[in-house]
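A.B. asks: Structure supplied as data06.tsv; contents: TSV, C-alpha atoms (C1' of nucleotides).
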chain	number	residue	atom	x	y	z
A	183	MET	CA	-36.38	-1.47	3.01
A	184	GLY	CA	-33.79	-3.96	4.22
A	185	GLU	CA	-32.01	-4.24	0.87
A	186	MET	CA	-31.12	-1.10	-1.00
A	187	THR	CA	-29.32	-0.51	-4.27
A	188	ILE	CA	-26.65	2.16	-4.57
A	189	GLY	CA	-29.12	4.52	-6.21
A	190	GLU	CA	-31.53	4.27	-3.30
A	191	VAL	CA	-28.78	4.77	-0.76
A	192	ALA	CA	-27.51	7.77	-2.67
A	193	ALA	CA	-31.00	9.28	-2.81
A	194	HIS	CA	-31.55	8.81	0.91
A	195	ALA	CA	-28.17	10.26	1.76
A	196	GLY	CA	-28.41	13.16	-0.66
A	197	LEU	CA	-25.38	11.98	-2.61
A	198	ARG	CA	-24.65	10.72	-6.10
A	199	ALA	CA	-24.13	7.06	-6.74
A	200	SER	CA	-20.67	7.89	-8.03
A	201	THR	CA	-19.84	9.43	-4.68
A	202	VAL	CA	-20.94	6.34	-2.80
A	203	ARG	CA	-18.74	4.22	-5.06
A	204	TYR	CA	-15.90	6.64	-4.49
A	205	TYR	CA	-16.35	6.39	-0.72
A	206	GLU	CA	-16.05	2.64	-0.95
A	207	ALA	CA	-12.92	2.85	-3.07
A	208	ALA	CA	-11.48	5.40	-0.64
A	209	GLY	CA	-12.09	3.15	2.34
A	210	VAL	CA	-14.70	5.42	3.87
A	211	LEU	CA	-17.35	2.74	3.38
A	212	PRO	CA	-16.64	-0.97	3.77
A	213	PRO	CA	-17.03	-3.05	0.58
A	214	ALA	CA	-20.73	-3.61	0.04
A	215	ALA	CA	-22.22	-7.06	-0.44
A	216	ARG	CA	-22.86	-7.87	-4.11
A	217	VAL	CA	-25.82	-9.57	-5.71
A	218	GLY	CA	-25.11	-10.32	-9.33
A	219	GLY	CA	-22.27	-7.83	-9.24
A	220	GLN	CA	-24.46	-5.04	-7.88
A	221	ARG	CA	-23.99	-3.48	-4.46
A	222	ARG	CA	-26.63	-4.11	-1.81
A	223	TYR	CA	-26.90	-2.12	1.41
A	224	ASP	CA	-28.91	-2.21	4.59
A	225	GLU	CA	-29.94	0.80	6.63
A	226	ALA	CA	-26.79	0.84	8.75
A	227	VAL	CA	-24.97	2.45	5.86
A	228	LEU	CA	-27.18	5.51	6.21
A	229	ALA	CA	-25.96	6.03	9.76
A	230	ARG	CA	-22.40	5.67	8.57
A	231	LEU	CA	-23.01	8.17	5.81
A	232	ALA	CA	-24.47	10.56	8.38
A	233	VAL	CA	-21.27	10.27	10.39
A	234	VAL	CA	-19.30	10.91	7.22
A	235	ARG	CA	-21.41	13.96	6.49
A	236	LEU	CA	-20.87	15.34	9.96
A	237	ALA	CA	-17.15	14.71	9.70
A	238	ARG	CA	-17.03	16.49	6.35
A	239	GLU	CA	-19.01	19.40	7.77
A	240	VAL	CA	-16.54	19.92	10.58
A	241	GLY	CA	-13.70	19.92	8.09
A	242	PHE	CA	-12.28	16.40	7.94
A	243	SER	CA	-10.83	15.33	4.61
A	244	ILE	CA	-11.74	12.02	3.04
A	245	ALA	CA	-8.34	10.61	4.03
A	246	GLU	CA	-8.90	11.65	7.63
A	247	ILE	CA	-12.32	10.05	7.63
A	248	ARG	CA	-10.78	6.87	6.29
A	249	ASP	CA	-8.41	6.86	9.25
A	250	LEU	CA	-11.31	7.64	11.54
A	251	VAL	CA	-13.41	4.66	10.51
A	252	ASP	CA	-10.52	2.30	9.76
A	253	GLY	CA	-11.20	-1.17	11.11
A	254	PHE	CA	-14.88	-0.60	11.80
A	255	ASP	CA	-17.88	-1.72	9.81
A	256	THR	CA	-20.93	0.48	9.39
A	257	THR	CA	-21.79	-0.05	13.06
A	258	GLY	CA	-19.99	2.57	15.08
A	259	ILE	CA	-16.51	4.06	15.26
A	260	ALA	CA	-14.04	4.54	18.12
A	261	PRO	CA	-15.09	7.47	20.35
A	262	GLU	CA	-11.57	8.14	21.64
A	263	ARG	CA	-10.28	8.28	18.07
A	264	TRP	CA	-12.96	10.82	17.25
A	265	GLN	CA	-12.13	12.84	20.34
A	266	GLU	CA	-8.46	13.03	19.47
A	267	MET	CA	-8.99	13.90	15.84
A	268	ALA	CA	-11.68	16.41	16.73
A	269	ARG	CA	-9.31	18.20	19.09
A	270	ARG	CA	-6.67	18.47	16.37
A	271	LYS	CA	-9.22	19.64	13.85
A	272	LEU	CA	-10.53	22.21	16.28
A	273	ALA	CA	-7.11	23.84	16.33
A	274	GLU	CA	-7.06	23.89	12.52
A	275	VAL	CA	-10.51	25.39	12.40
A	276	GLU	CA	-9.55	28.10	14.84
A	277	ALA	CA	-6.57	28.94	12.64
A	278	LEU	CA	-8.90	29.10	9.65
A	279	ALA	CA	-11.21	31.43	11.54
A	280	GLN	CA	-8.31	33.70	12.40
A	281	ARG	CA	-7.22	33.77	8.78
A	282	ALA	CA	-10.74	34.65	7.69
A	283	GLU	CA	-10.84	37.41	10.27
A	284	ARG	CA	-7.54	38.78	8.99
A	285	MET	CA	-8.87	38.72	5.43
A	286	ARG	CA	-11.98	40.55	6.56
A	287	LEU	CA	-9.99	43.24	8.35
A	288	LEU	CA	-7.69	43.78	5.39
A	289	LEU	CA	-10.63	44.02	3.00
A	290	GLU	CA	-12.46	46.50	5.18
A	291	ALA	CA	-9.30	48.55	5.60
A	292	SER	CA	-8.74	48.60	1.85
A	293	LEU	CA	-12.32	49.76	1.31
A	294	ALA	CA	-12.03	52.45	3.96
A	295	CYS	CA	-8.65	53.54	2.63
A	296	GLY	CA	-9.83	54.63	-0.81
A	297	CYS	CA	-6.38	55.71	-1.95
A	298	LEU	CA	-6.28	56.55	-5.63
A	299	THR	CA	-3.49	54.26	-6.61
A	300	LEU	CA	-3.05	51.05	-4.70
A	301	ASP	CA	0.61	51.01	-5.57
A	302	THR	CA	1.26	53.69	-2.98
A	303	CYS	CA	-1.29	52.43	-0.45
A	304	GLN	CA	0.06	51.77	3.00
A	305	LEU	CA	-1.74	48.42	3.08
A	306	VAL	CA	0.16	47.32	0.02
A	307	LEU	CA	3.45	48.56	1.37
A	308	ASP	CA	2.77	46.70	4.60
A	309	SER	CA	2.38	43.42	2.77
A	310	ARG	CA	5.55	43.66	0.72
A	311	VAL	CA	7.59	40.84	2.11
A	312	PRO	CA	6.61	39.36	5.47
A	313	ALA	CA	9.78	39.48	7.58
A	314	GLN	CA	12.38	37.14	6.14
A	315	PRO	CA	14.43	35.74	9.04
A	316	ALA	CA	18.21	35.58	8.79
A	317	GLY	CA	20.21	32.63	7.46
A	318	PRO	CA	20.74	31.01	4.06
A	319	ALA	CA	17.93	31.59	1.59
A	320	SER	CA	15.21	28.95	1.63
A	321	PRO	CA	12.36	29.57	-0.80
A	322	PRO	CA	8.81	29.43	0.57
A	323	GLN	CA	6.80	26.22	0.74
A	324	ALA	CA	3.49	25.73	-0.96
A	325	GLY	CA	0.60	27.08	1.06
B	56	MET	CA	19.20	48.36	-9.15
B	57	GLY	CA	17.32	49.54	-12.21
B	58	GLU	CA	17.65	46.25	-14.09
B	59	MET	CA	16.86	43.04	-12.27
B	60	THR	CA	16.85	39.44	-13.39
B	61	ILE	CA	13.99	37.16	-12.49
B	62	GLY	CA	16.02	35.63	-9.69
B	63	GLU	CA	16.61	39.01	-8.07
B	64	VAL	CA	12.97	39.98	-8.37
B	65	ALA	CA	11.95	36.67	-6.85
B	66	ALA	CA	14.34	37.11	-3.96
B	67	HIS	CA	13.08	40.62	-3.23
B	68	ALA	CA	9.46	39.54	-3.42
B	69	GLY	CA	9.95	36.36	-1.41
B	70	LEU	CA	8.84	34.18	-4.31
B	71	ARG	CA	10.40	31.56	-6.52
B	72	ALA	CA	11.45	32.40	-10.04
B	73	SER	CA	9.01	29.76	-11.28
B	74	THR	CA	6.21	31.65	-9.57
B	75	VAL	CA	7.15	34.90	-11.26
B	76	ARG	CA	7.16	33.13	-14.63
B	77	TYR	CA	3.82	31.61	-13.78
B	78	TYR	CA	2.40	35.03	-12.92
B	79	GLU	CA	3.47	36.34	-16.30
B	80	ALA	CA	1.92	33.39	-18.10
B	81	ALA	CA	-1.27	33.86	-16.06
B	82	GLY	CA	-1.53	37.55	-16.99
B	83	VAL	CA	-0.89	38.75	-13.45
B	84	LEU	CA	2.35	40.37	-14.57
B	85	PRO	CA	2.79	42.03	-17.99
B	86	PRO	CA	5.35	40.39	-20.28
B	87	ALA	CA	8.80	41.44	-19.12
B	88	ALA	CA	11.36	43.02	-21.44
B	89	ARG	CA	13.94	40.52	-22.69
B	90	VAL	CA	17.68	40.90	-23.07
B	91	GLY	CA	19.13	37.96	-24.92
B	92	GLY	CA	15.98	36.01	-24.16
B	93	GLN	CA	16.19	36.69	-20.43
B	94	ARG	CA	13.63	38.73	-18.51
B	95	ARG	CA	14.64	42.13	-17.16
B	96	TYR	CA	12.61	44.07	-14.59
B	97	ASP	CA	12.68	47.46	-12.96
B	98	GLU	CA	11.52	48.24	-9.45
B	99	ALA	CA	7.91	48.91	-10.42
B	100	VAL	CA	7.36	45.18	-10.62
B	101	LEU	CA	7.98	44.92	-6.88
B	102	ALA	CA	5.08	47.28	-6.20
B	103	ARG	CA	2.90	45.19	-8.49
B	104	LEU	CA	3.94	42.03	-6.72
B	105	ALA	CA	3.09	43.65	-3.40
B	106	VAL	CA	-0.40	44.37	-4.72
B	107	VAL	CA	-0.63	40.78	-5.85
B	108	ARG	CA	0.45	39.59	-2.42
B	109	LEU	CA	-2.15	41.73	-0.71
B	110	ALA	CA	-4.82	40.51	-3.09
B	111	ARG	CA	-3.87	36.91	-2.41
B	112	GLU	CA	-3.92	37.53	1.32
B	113	VAL	CA	-7.46	38.83	1.22
B	114	GLY	CA	-8.53	35.77	-0.76
B	115	PHE	CA	-8.48	36.69	-4.43
B	116	SER	CA	-7.68	33.87	-6.81
B	117	ILE	CA	-5.08	34.23	-9.54
B	118	ALA	CA	-7.84	34.54	-12.14
B	119	GLU	CA	-9.48	37.33	-10.14
B	120	ILE	CA	-6.19	39.15	-9.84
B	121	ARG	CA	-5.74	38.84	-13.59
B	122	ASP	CA	-9.10	40.56	-14.05
B	123	LEU	CA	-8.14	43.11	-11.46
B	124	VAL	CA	-4.96	44.21	-13.21
B	125	ASP	CA	-6.16	43.62	-16.78
B	126	GLY	CA	-5.16	46.46	-19.05
B	127	PHE	CA	-2.72	48.03	-16.63
B	128	ASP	CA	1.05	47.86	-16.61
B	129	THR	CA	3.00	47.59	-13.39
B	130	THR	CA	2.08	51.17	-12.57
B	131	GLY	CA	-1.23	51.15	-10.76
B	132	ILE	CA	-4.59	49.49	-11.12
B	133	ALA	CA	-8.15	50.83	-11.23
B	134	PRO	CA	-9.34	51.83	-7.75
B	135	GLU	CA	-13.03	51.44	-8.56
B	136	ARG	CA	-12.37	47.95	-9.88
B	137	TRP	CA	-10.64	47.08	-6.64
B	138	GLN	CA	-13.49	48.56	-4.62
B	139	GLU	CA	-16.10	46.52	-6.44
B	140	MET	CA	-14.16	43.27	-6.28
B	141	ALA	CA	-13.24	43.86	-2.66
B	142	ARG	CA	-16.89	44.30	-1.75
B	143	ARG	CA	-17.79	41.01	-3.43
B	144	LYS	CA	-14.88	39.24	-1.78
B	145	LEU	CA	-15.87	40.64	1.59
B	146	ALA	CA	-19.19	38.84	1.31
B	147	GLU	CA	-17.39	35.60	0.44
B	148	VAL	CA	-15.02	36.01	3.35
B	149	GLU	CA	-17.89	36.59	5.74
B	150	ALA	CA	-19.50	33.40	4.50
B	151	LEU	CA	-16.21	31.60	5.06
B	152	ALA	CA	-16.02	32.97	8.58
B	153	GLN	CA	-19.55	31.78	9.28
B	154	ARG	CA	-18.69	28.33	7.99
B	155	ALA	CA	-15.61	28.21	10.18
B	156	GLU	CA	-17.70	29.26	13.14
B	157	ARG	CA	-20.21	26.53	12.41
B	158	MET	CA	-17.40	23.98	12.17
B	159	ARG	CA	-16.04	25.18	15.48
B	160	LEU	CA	-19.42	24.91	17.19
B	161	LEU	CA	-20.02	21.42	15.83
B	162	LEU	CA	-16.59	20.26	16.90
B	163	GLU	CA	-17.00	21.65	20.40
B	164	ALA	CA	-20.44	20.11	20.68
B	165	SER	CA	-19.11	16.74	19.58
B	166	LEU	CA	-16.34	16.95	22.16
B	167	ALA	CA	-18.76	17.96	24.89
B	168	CYS	CA	-21.23	15.29	23.84
B	169	GLY	CA	-19.00	12.30	24.50
B	170	CYS	CA	-21.61	9.74	23.50
B	171	LEU	CA	-20.18	6.26	23.28
B	172	THR	CA	-21.22	5.47	19.76
B	173	LEU	CA	-21.41	8.30	17.32
B	174	ASP	CA	-23.92	6.37	15.27
B	175	THR	CA	-26.62	7.21	17.79
B	176	CYS	CA	-25.37	10.69	18.60
B	177	GLN	CA	-27.89	13.47	18.18
B	178	LEU	CA	-25.34	15.55	16.30
B	179	VAL	CA	-25.02	12.82	13.70
B	180	LEU	CA	-28.75	12.39	13.41
B	181	ASP	CA	-29.13	16.13	12.97
B	182	SER	CA	-26.82	16.13	9.97
B	183	ARG	CA	-28.49	13.29	8.10
B	184	VAL	CA	-29.83	15.01	5.05
B	185	PRO	CA	-30.14	18.78	5.03
B	186	ALA	CA	-33.74	19.54	4.08
B	187	GLN	CA	-34.41	18.43	0.52
B	188	PRO	CA	-36.97	20.80	-1.02
B	189	ALA	CA	-39.89	19.46	-3.05
B	190	GLY	CA	-39.92	18.96	-6.80
B	191	PRO	CA	-38.25	16.54	-9.22
B	192	ALA	CA	-35.02	15.02	-7.97
B	193	SER	CA	-31.91	17.00	-8.84
B	194	PRO	CA	-28.62	15.60	-7.58
B	195	PRO	CA	-26.46	17.92	-5.48
B	196	GLN	CA	-23.83	20.20	-6.98
B	197	ALA	CA	-20.21	20.08	-6.04
B	198	GLY	CA	-19.41	22.09	-2.98
C	102	DC	C1'	38.17	22.90	-22.41
C	103	DT	C1'	35.02	22.06	-19.05
C	104	DA	C1'	32.22	22.81	-15.35
C	105	DC	C1'	28.80	25.69	-13.11
C	106	DG	C1'	25.06	28.58	-12.07
C	107	DG	C1'	21.26	30.91	-13.77
C	108	DC	C1'	18.45	31.62	-17.32
C	109	DT	C1'	14.96	29.86	-21.21
C	110	DT	C1'	10.84	26.80	-22.93
C	111	DC	C1'	7.23	23.41	-22.73
C	112	DA	C1'	5.04	19.59	-20.64
C	113	DA	C1'	3.57	17.19	-17.07
C	114	DG	C1'	2.91	16.34	-12.03
C	115	DT	C1'	0.71	17.51	-7.37
C	116	DG	C1'	-3.57	16.83	-4.16
C	117	DA	C1'	-8.53	16.92	-3.08
C	118	DA	C1'	-13.01	15.23	-4.09
C	119	DC	C1'	-15.29	13.77	-6.85
C	120	DG	C1'	-17.55	13.96	-12.07
C	121	DT	C1'	-17.77	12.04	-16.62
C	122	DG	C1'	-17.67	8.91	-20.49
C	123	DA	C1'	-17.10	4.43	-22.64
C	124	DA	C1'	-18.47	-0.10	-22.97
C	125	DG	C1'	-20.85	-3.68	-21.14
C	126	DT	C1'	-24.43	-6.47	-17.94
C	127	DC	C1'	-29.04	-7.22	-16.31
C	128	DA	C1'	-34.10	-7.28	-15.26
C	129	DA	C1'	-38.54	-5.43	-16.20
C	130	DG	C1'	-42.05	-3.53	-19.32
C	131	DA	C1'	-44.59	-2.58	-23.91
D	125	DT	C1'	-37.83	-8.24	-29.29
D	126	DC	C1'	-36.58	-3.92	-28.30
D	127	DT	C1'	-36.06	-0.34	-25.13
D	128	DT	C1'	-35.36	1.79	-20.90
D	129	DG	C1'	-33.06	2.50	-16.73
D	130	DA	C1'	-29.96	1.26	-13.25
D	131	DC	C1'	-26.14	-0.92	-12.43
D	132	DT	C1'	-20.84	-2.46	-13.22
D	133	DT	C1'	-15.53	-1.25	-13.99
D	134	DC	C1'	-11.86	1.58	-15.58
D	135	DA	C1'	-9.63	5.49	-16.75
D	136	DC	C1'	-9.33	10.07	-17.56
D	137	DG	C1'	-11.14	15.10	-16.77
D	138	DT	C1'	-11.79	19.09	-13.61
D	139	DT	C1'	-9.94	23.25	-10.65
D	140	DC	C1'	-6.08	25.85	-8.28
D	141	DA	C1'	-1.61	27.55	-7.73
D	142	DC	C1'	2.10	26.30	-8.46
D	143	DT	C1'	6.38	22.92	-8.80
D	144	DT	C1'	9.29	19.92	-11.19
D	145	DG	C1'	11.69	17.86	-15.01
D	146	DA	C1'	13.88	17.67	-19.42
D	147	DA	C1'	16.66	19.75	-22.66
D	148	DG	C1'	19.20	23.53	-23.93
D	149	DC	C1'	21.50	28.52	-24.09
D	150	DC	C1'	24.86	31.84	-22.09
D	151	DG	C1'	28.71	33.94	-19.58
D	152	DT	C1'	32.34	33.23	-16.47
D	153	DA	C1'	35.74	30.96	-13.42
D	154	DG	C1'	39.22	27.60	-13.10
Just give me the structure as structure tokens.

C.D. replies:
Amino acid sequence: MGEMTIGEVAAHAGLRASTVRYYEAAGVLPPAARVGGQRRYDEAVLARLAVVRLAREVGFSIAEIRDLVDGFDTTGIAPERWQEMARRKLAEVEALAQRAERMRLLLEASLACGCLTLDTCQLVLDSRVPAQPAGPASPPQAG
Amino acid sequence: MGEMTIGEVAAHAGLRASTVRYYEAAGVLPPAARVGGQRRYDEAVLARLAVVRLAREVGFSIAEIRDLVDGFDTTGIAPERWQEMARRKLAEVEALAQRAERMRLLLEASLACGCLTLDTCQLVLDSRVPAQPAGPASPPQAG
DNA sequence: CTACGGCTTCAAGTGAACGTGAAGTCAAGA
DNA sequence: TCTTGACTTCACGTTCACTTGAAGCCGTAG
């Protein structure tokens, strides 16, 4: 199983061939060797794809993963780079968890509230405009 | 303050005028009355926009909010419709919270692990391919 | 008169993570 | 030989919630 085509790699990794090609174009995988124009892989790419999967599962974007593996072939990445990025991402994930918790609380409150018309519901009134600070008007950024 | 232009409404709601126009086009706001081609609003629209804000905060998409307010003017929505959609959304939000929790655990584990090369890390090996069930091959869906 | 600010419309752009379709190459099998 | 299946590149489509740009109307202030 030393030489694999893109279809075999995709099958082993649980991906589509198009995704593997996309990963290469995005710099997440190094350019594969070609035989008659077709990509050939050895098993190391499966380890790399496992790292990519883990990174995706913990919330890294494709661009972040590109930065993570930049300058390395399929054999290994830089541990200190991972550590640093993982710490940053952990903060993001905790923020996400807090947001989810807030959504959950609001939903439960709205279900418990049961007011006949939401237009007069206290929950709605509470979320009218979230505290505009003083100073010249600056419209909100995309969120 | 009975008659407001789109700019005034936007300022009161903490939105951009373009967003208010977008909401109308998306069916989230009913078509506004026009005076000389320009939109005119009364205060009821602010209550509607507060409902929209709350709905967005608890995770409803624009399309879901359109369904939520479908058939109602700026005065009120259907409570039972809200209840049903809120219950569904609550399940989604709980799933999101679980995913965030899983991301957090994985990140913390990877930071605690500290193995020199992630390619041989147990965490990576664990996330190789998540349990493909038997049967004819069917490529994974987007997710 | 001219500039200005705010309004109108429609169309297209943004970013993320791929998916999809066209058009063509290539080797193996009936 | 013809077909099948897997592969190639390239470019455009998809979803979401908007934003931005172009081109133009309208009232007012200088």

A.B. asks: Near DA113 in chain C, within 12 Å and counting all atoms listed in the file, which residues show up once chain neighbours fewer than 4 positions away are dropped, as number ranges by chain?

C.D. replies: D: 143-146

A.B. asks: Can you work out which one of D:DC140, D:DA135, D:DA130, D:DA153 has the shortest atom-to-atom distance to chain A, counting all atoms listed in the file?

C.D. replies: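 Smallest distance to chain A is found for D:DA130.
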
A.B. asks: Find the distance between CA of Gly189 in chain A and CA of Val210 in chain A and write it in Å to one decimal.

C.D. replies: 17.6 Å

A.B. asks: Excluding Arg286 in chain A and its own-chain neighbours fewer than 3 positions away, which residues fall within 7 Å of it when counting all atoms listed in the file? Please give them as a VMD selection string.

C.D. replies: (chain A and resid 282 to 283 289 to 290) or (chain B and resid 145 148)

A.B. asks: Dump as a list in words the residues of chain D that approach chain B to within 12 Å, counting all atoms listed in the file.

C.D. replies: DT138, DT139, DC140, DA141, DC142, DT143, DT144, DC149, DC150 and DG151 of chain D

A.B. asks: Kindly add N, CA and C atoms to the incomplete range 93-119 of chain B and provide the output as a PDB file, in the frame of the given file.

C.D. replies:
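Written file, result-v7.pdb:
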ATOM      1  N   GLN B  93      16.424  36.703 -21.874  1.00  0.00           N
ATOM      2  CA  GLN B  93      16.190  36.690 -20.430  1.00  0.00           C
ATOM      3  C   GLN B  93      15.357  37.897 -19.988  1.00  0.00           C
ATOM      4  N   ARG B  94      14.502  37.660 -18.999  1.00  0.00           N
ATOM      5  CA  ARG B  94      13.630  38.730 -18.510  1.00  0.00           C
ATOM      6  C   ARG B  94      14.424  39.774 -17.728  1.00  0.00           C
ATOM      7  N   ARG B  95      14.054  41.032 -17.949  1.00  0.00           N
ATOM      8  CA  ARG B  95      14.640  42.130 -17.160  1.00  0.00           C
ATOM      9  C   ARG B  95      13.511  42.960 -16.578  1.00  0.00           C
ATOM     10  N   TYR B  96      13.653  43.326 -15.298  1.00  0.00           N
ATOM     11  CA  TYR B  96      12.610  44.070 -14.590  1.00  0.00           C
ATOM     12  C   TYR B  96      13.166  45.343 -13.985  1.00  0.00           C
ATOM     13  N   ASP B  97      12.308  46.341 -13.815  1.00  0.00           N
ATOM     14  CA  ASP B  97      12.680  47.460 -12.960  1.00  0.00           C
ATOM     15  C   ASP B  97      11.846  47.385 -11.674  1.00  0.00           C
ATOM     16  N   GLU B  98      12.069  48.368 -10.806  1.00  0.00           N
ATOM     17  CA  GLU B  98      11.520  48.240  -9.450  1.00  0.00           C
ATOM     18  C   GLU B  98       9.996  48.270  -9.403  1.00  0.00           C
ATOM     19  N   ALA B  99       9.374  48.818 -10.433  1.00  0.00           N
ATOM     20  CA  ALA B  99       7.910  48.910 -10.420  1.00  0.00           C
ATOM     21  C   ALA B  99       7.274  47.536 -10.227  1.00  0.00           C
ATOM     22  N   VAL B 100       7.939  46.515 -10.719  1.00  0.00           N
ATOM     23  CA  VAL B 100       7.360  45.180 -10.620  1.00  0.00           C
ATOM     24  C   VAL B 100       7.225  44.743  -9.155  1.00  0.00           C
ATOM     25  N   LEU B 101       8.066  45.295  -8.302  1.00  0.00           N
ATOM     26  CA  LEU B 101       7.980  44.920  -6.880  1.00  0.00           C
ATOM     27  C   LEU B 101       6.708  45.488  -6.250  1.00  0.00           C
ATOM     28  N   ALA B 102       6.332  46.696  -6.694  1.00  0.00           N
ATOM     29  CA  ALA B 102       5.080  47.280  -6.200  1.00  0.00           C
ATOM     30  C   ALA B 102       3.900  46.429  -6.689  1.00  0.00           C
ATOM     31  N   ARG B 103       3.963  46.036  -7.952  1.00  0.00           N
ATOM     32  CA  ARG B 103       2.900  45.190  -8.490  1.00  0.00           C
ATOM     33  C   ARG B 103       2.811  43.868  -7.722  1.00  0.00           C
ATOM     34  N   LEU B 104       3.941  43.307  -7.442  1.00  0.00           N
ATOM     35  CA  LEU B 104       3.940  42.030  -6.720  1.00  0.00           C
ATOM     36  C   LEU B 104       3.431  42.208  -5.289  1.00  0.00           C
ATOM     37  N   ALA B 105       3.634  43.393  -4.724  1.00  0.00           N
ATOM     38  CA  ALA B 105       3.090  43.650  -3.400  1.00  0.00           C
ATOM     39  C   ALA B 105       1.566  43.730  -3.464  1.00  0.00           C
ATOM     40  N   VAL B 106       1.053  44.342  -4.529  1.00  0.00           N
ATOM     41  CA  VAL B 106      -0.400  44.370  -4.720  1.00  0.00           C
ATOM     42  C   VAL B 106      -0.928  42.942  -4.860  1.00  0.00           C
ATOM     43  N   VAL B 107      -0.222  42.165  -5.655  1.00  0.00           N
ATOM     44  CA  VAL B 107      -0.630  40.780  -5.850  1.00  0.00           C
ATOM     45  C   VAL B 107      -0.638  40.032  -4.514  1.00  0.00           C
ATOM     46  N   ARG B 108       0.385  40.262  -3.719  1.00  0.00           N
ATOM     47  CA  ARG B 108       0.450  39.590  -2.420  1.00  0.00           C
ATOM     48  C   ARG B 108      -0.738  39.985  -1.543  1.00  0.00           C
ATOM     49  N   LEU B 109      -1.012  41.281  -1.519  1.00  0.00           N
ATOM     50  CA  LEU B 109      -2.150  41.730  -0.710  1.00  0.00           C
ATOM     51  C   LEU B 109      -3.437  41.089  -1.207  1.00  0.00           C
ATOM     52  N   ALA B 110      -3.609  41.089  -2.519  1.00  0.00           N
ATOM     53  CA  ALA B 110      -4.820  40.510  -3.090  1.00  0.00           C
ATOM     54  C   ALA B 110      -4.948  39.039  -2.715  1.00  0.00           C
ATOM     55  N   ARG B 111      -3.849  38.314  -2.784  1.00  0.00           N
ATOM     56  CA  ARG B 111      -3.870  36.910  -2.410  1.00  0.00           C
ATOM     57  C   ARG B 111      -4.225  36.757  -0.934  1.00  0.00           C
ATOM     58  N   GLU B 112      -3.671  37.642  -0.115  1.00  0.00           N
ATOM     59  CA  GLU B 112      -3.920  37.530   1.320  1.00  0.00           C
ATOM     60  C   GLU B 112      -5.381  37.746   1.673  1.00  0.00           C
ATOM     61  N   VAL B 113      -6.053  38.604   0.915  1.00  0.00           N
ATOM     62  CA  VAL B 113      -7.460  38.830   1.220  1.00  0.00           C
ATOM     63  C   VAL B 113      -8.347  37.815   0.515  1.00  0.00           C
ATOM     64  N   GLY B 114      -7.755  36.884  -0.238  1.00  0.00           N
ATOM     65  CA  GLY B 114      -8.530  35.770  -0.760  1.00  0.00           C
ATOM     66  C   GLY B 114      -8.812  35.758  -2.237  1.00  0.00           C
ATOM     67  N   PHE B 115      -8.238  36.704  -2.985  1.00  0.00           N
ATOM     68  CA  PHE B 115      -8.480  36.690  -4.430  1.00  0.00           C
ATOM     69  C   PHE B 115      -7.710  35.539  -5.080  1.00  0.00           C
ATOM     70  N   SER B 116      -8.353  34.905  -6.037  1.00  0.00           N
ATOM     71  CA  SER B 116      -7.680  33.870  -6.810  1.00  0.00           C
ATOM     72  C   SER B 116      -6.798  34.521  -7.874  1.00  0.00           C
ATOM     73  N   ILE B 117      -5.947  33.726  -8.481  1.00  0.00           N
ATOM     74  CA  ILE B 117      -5.080  34.230  -9.540  1.00  0.00           C
ATOM     75  C   ILE B 117      -5.918  34.778 -10.695  1.00  0.00           C
ATOM     76  N   ALA B 118      -6.980  34.086 -11.038  1.00  0.00           N
ATOM     77  CA  ALA B 118      -7.840  34.540 -12.140  1.00  0.00           C
ATOM     78  C   ALA B 118      -8.476  35.889 -11.789  1.00  0.00           C
ATOM     79  N   GLU B 119      -8.886  36.052 -10.562  1.00  0.00           N
ATOM     80  CA  GLU B 119      -9.480  37.330 -10.140  1.00  0.00           C
ATOM     81  C   GLU B 119      -8.446  38.453 -10.193  1.00  0.00           C
TER      82      GLU B 119
END
